[in-house]
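A.B. asks: One structure is given below, represented as structure tokens, and several questions about it will come after.
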Protein chains: 2
Amino acid sequence: MTGQVRTVDGRVAGRRGQATRQKLLDCLSEMLSSSPYRDVKVIDVARKAGTSPATFYQYFPDVEGAVLEIAEQMAAEGAGLTELLAGRSWVGKSGWQTSQELVDGFLEFWRKNDAILRVVDLGAAEGDKRFYKIRMKILNSVNNSLADAVAELQAKGKVDKDVNPAAVAGSIVAMLAAVASHQKGFQTWGVKQAELKPNLALLVHLGVTGKKPTK
Amino acid sequence: MTGQVRTVDGRVAGRRGQATRQKLLDCLSEMLSSSPYRDVKVIDVARKAGTSPATFYQYFPDVEGAVLEIAEQMAAEGAGLTELLAGRSWVGKSGWQTSQELVDGFLEFWRKNDAILRVVDLGAAEGDKRFYKIRMKILNSVNNSLADAVAELQAKGKVDKDVNPAAVAGSIVAMLAAVASHQKGFQTWGVKQAELKPNLALLVHLGVTGKKPTK
DNA sequence: ACTTGTCCTGTCATGCCGTCAGCTTACCGA
DNA sequence: TCGGTAAGCTGACGGCATGACAGGACAAGT
């Protein structure tokens, strides 16, 4: 029951309209990858989509509105990140594997959607609740699972009592997101992609379990 | 020897000119805190500074150019973050203290400069080398110290050999930066500022030494 | 008072924004 | 088949930001 897709002035969009709308979104997505967010103009998106600016405004209130739409679509996919953690173990060798796969999946997802995620991150940091919510939606899936894992280990006495599972999980997730969006940066620091992953996985494992992984 | 401050058309700026220039920078700084980066317009900055857009363009090529200037100033201050780590120990109780003070200082610095740091982060993520360099300048001070600390512990055999100091240090620094810029976010996750810090410090300590701190 | 170089702004061409009226196209029922 | 209705698109327009320039205001030294 998401309701039908509607134009700004309230008409319901038909087949053709939806196609145009999607084309505009696709073109916007491309533009976000190739030029700074600040310089993305409605007219450029429209031109790229082979239509006119007026058409753009029929479907979106402004660039930001369209960006939110793209972000929403991505967030829906991003919910799949939960599977990286569902039912996984954090003890012994399988704990190390869980950690590695989480890092792998996370970095991959971020790499695929880096342009839009940059903008979402900015919006969230600027305090825009709409972007903030989307960021939460993506990170929550991972965050909650991690927090649960920590809490569980804590209940078994394997993790100190004064640890706050939510704080630790949140920090780890933030780290993953930050490293992912500055992946290129590490190369300039003399750290190769392939080297980065296991070290990141190590930090994740340490954070969750408080112990070095058994490899 | 940074050379004198110059206008866009090559004149050297005198006392009065420098004052106006600085006022424009200050106003821009304020605007960045109060409105989204994308919506910051030259005309608004000029109005706020009680001058005209033409004056702005005399000193800066565009908004981005002025932002770089502000960022540069901040980066100079940020170099002081090194002191949070210079000559500190990572063993025993003092290790725990080092970790705590690092987190404290880092979050504080970020909180003070959050608006401009947001923009720098975005610019860097978008691949703009000028922003990237500034981000490095700030983080390098901390990053290098951390990497050294890890390498040292590694030489003493207290940290596994297959750990890459640069990768670990970079990831930790990225975590600090990310958590700092989304501090508000944690509150919505039910994590209070005061709770966040020790948990973050714990993660830092774990990452650097591989062991839980002795408190 | 006059000169000199700094500093600021009025003005202008250009281009994007965001809206509207109006035209074209697709769909549907009679 | 035909006409009605709603969807879909665009040209055109006022408004505003951009960025450049030339000329006027101002301070400081002579």
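How things are named: the first chain in the structure tokens is A, the next is B, and so on; residues count from 1 in each chain; ligands count from 1 in the order shown.
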So which residues of stretch 7-197 of chain A fall under helix (DSSP H, G or I) by DSSP, listed as an NGL selection string?
C.D. replies: :A and (15-34 or 37-39 or 42-48 or 53-59 or 63-84 or 92-112 or 114-125 or 129-155 or 165-181 or 183-188 or 193-197)
A.B. asks: Within 10 Å of chain C, which residues of chain A come that close, and what is the closest atom pair and distance in Å for each? Count only C-alpha atoms (C1' of nucleotides) and give it as a tab-separated table.
C.D. replies:
residue	atom	partner	partner_atom	distance
A:Gly14	CA	C:DA26	C1'	9.8
A:Arg16	CA	C:DA26	C1'	9.2
A:Lys41	CA	C:DC16	C1'	7.9
A:Val42	CA	C:DC16	C1'	8.3
A:Ile43	CA	C:DC16	C1'	7.4
A:Asp44	CA	C:DC16	C1'	10.0
A:Pro53	CA	C:DG18	C1'	9.1
A:Ala54	CA	C:DG18	C1'	8.2
A:Tyr57	CA	C:DG18	C1'	7.7
A:Pro61	CA	C:DG18	C1'	9.2
A:Asp62	CA	C:DG18	C1'	9.0
A.B. asks: Report, in Å with one decimal, the straight-line distance from atom C1' of D:DC16 to atom CA of B:Phe60.
C.D. replies: 20.8 Å
A.B. asks: Please report as a Markdown table every residue of chain A lying within 8 Å of chain B, along with the nearest atom pair and their distance in Å (one decimal), using only C-alpha atoms.
C.D. replies:
| residue | atom | partner | partner_atom | distance |
| --- | --- | --- | --- | --- |
| A:Ser35 | CA | B:Glu126 | CA | 7.9 |
| A:Pro36 | CA | B:Glu126 | CA | 6.5 |
| A:Tyr37 | CA | B:Arg38 | CA | 7.5 |
| A:Arg38 | CA | B:Arg38 | CA | 5.1 |
| A:Ala115 | CA | B:Glu126 | CA | 7.8 |
| A:Arg118 | CA | B:Leu122 | CA | 6.7 |
| A:Val119 | CA | B:Leu122 | CA | 8.0 |
| A:Leu122 | CA | B:Arg118 | CA | 6.8 |
| A:Gly123 | CA | B:Pro36 | CA | 7.7 |
| A:Ala124 | CA | B:His182 | CA | 7.8 |
| A:Ala125 | CA | B:His182 | CA | 5.9 |
| A:Glu126 | CA | B:Pro36 | CA | 6.4 |
| A:Tyr132 | CA | B:Gly185 | CA | 7.9 |
| A:Val163 | CA | B:Asn199 | CA | 6.5 |
| A:Asn164 | CA | B:Asn199 | CA | 6.7 |
| A:Ala166 | CA | B:Val191 | CA | 6.7 |
| A:Ala167 | CA | B:Leu196 | CA | 5.6 |
| A:Val168 | CA | B:Asn199 | CA | 6.0 |
| A:Gly170 | CA | B:Phe186 | CA | 7.3 |
| A:Ser171 | CA | B:Val179 | CA | 6.2 |
| A:Ile172 | CA | B:Met175 | CA | 7.3 |
| A:Ala174 | CA | B:Ala178 | CA | 5.7 |
| A:Met175 | CA | B:Met175 | CA | 4.0 |
| A:Leu176 | CA | B:Met175 | CA | 7.6 |
| A:Ala177 | CA | B:Ala178 | CA | 7.9 |
| A:Ala178 | CA | B:Ala174 | CA | 5.7 |
| A:Val179 | CA | B:Ala174 | CA | 6.0 |
| A:Ser181 | CA | B:Ala125 | CA | 6.3 |
| A:His182 | CA | B:Ala125 | CA | 6.0 |
| A:Gly185 | CA | B:Tyr132 | CA | 7.9 |
| A:Phe186 | CA | B:Gly170 | CA | 7.3 |
| A:Trp189 | CA | B:Ala166 | CA | 7.4 |
| A:Gly190 | CA | B:Ala166 | CA | 7.7 |
| A:Val191 | CA | B:Ala167 | CA | 6.0 |
| A:Glu195 | CA | B:Ala167 | CA | 7.4 |
| A:Leu196 | CA | B:Ala167 | CA | 5.6 |
| A:Asn199 | CA | B:Val168 | CA | 6.0 |
| A:Leu200 | CA | B:Ser171 | CA | 6.8 |
| A:Leu203 | CA | B:Gly207 | CA | 5.8 |
| A:Leu206 | CA | B:Leu206 | CA | 6.5 |
| A:Gly207 | CA | B:Leu203 | CA | 5.8 |
| A:Gly210 | CA | B:Lys212 | CA | 6.8 |
| A:Lys211 | CA | B:Lys211 | CA | 7.2 |
| A:Lys212 | CA | B:Gly210 | CA | 6.8 |
A.B. asks: Calculated over only C-alpha atoms (C1' of nucleotides), which of the candidates B:Asn113, B:Leu28, B:Met74, B:Asp9 has the smallest distance to chain D?
C.D. replies: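 Among the listed residues, B:Asp9 lies closest to chain D.
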A.B. asks: Please tabulate, as CSV, the residues of chain D that come within 7 Å of chain A, each with its closest pair of atoms and the distance in Å to one decimal, counting only C-alpha atoms (C1' of nucleotides) and ordering rows by chain, then residue number upward.
C.D. replies:
residue,atom,partner,partner_atom,distance
D:DG8,C1',A:Gly17,CA,6.7
D:DC9,C1',A:Thr55,CA,6.6
D:DT10,C1',A:Ser52,CA,6.8
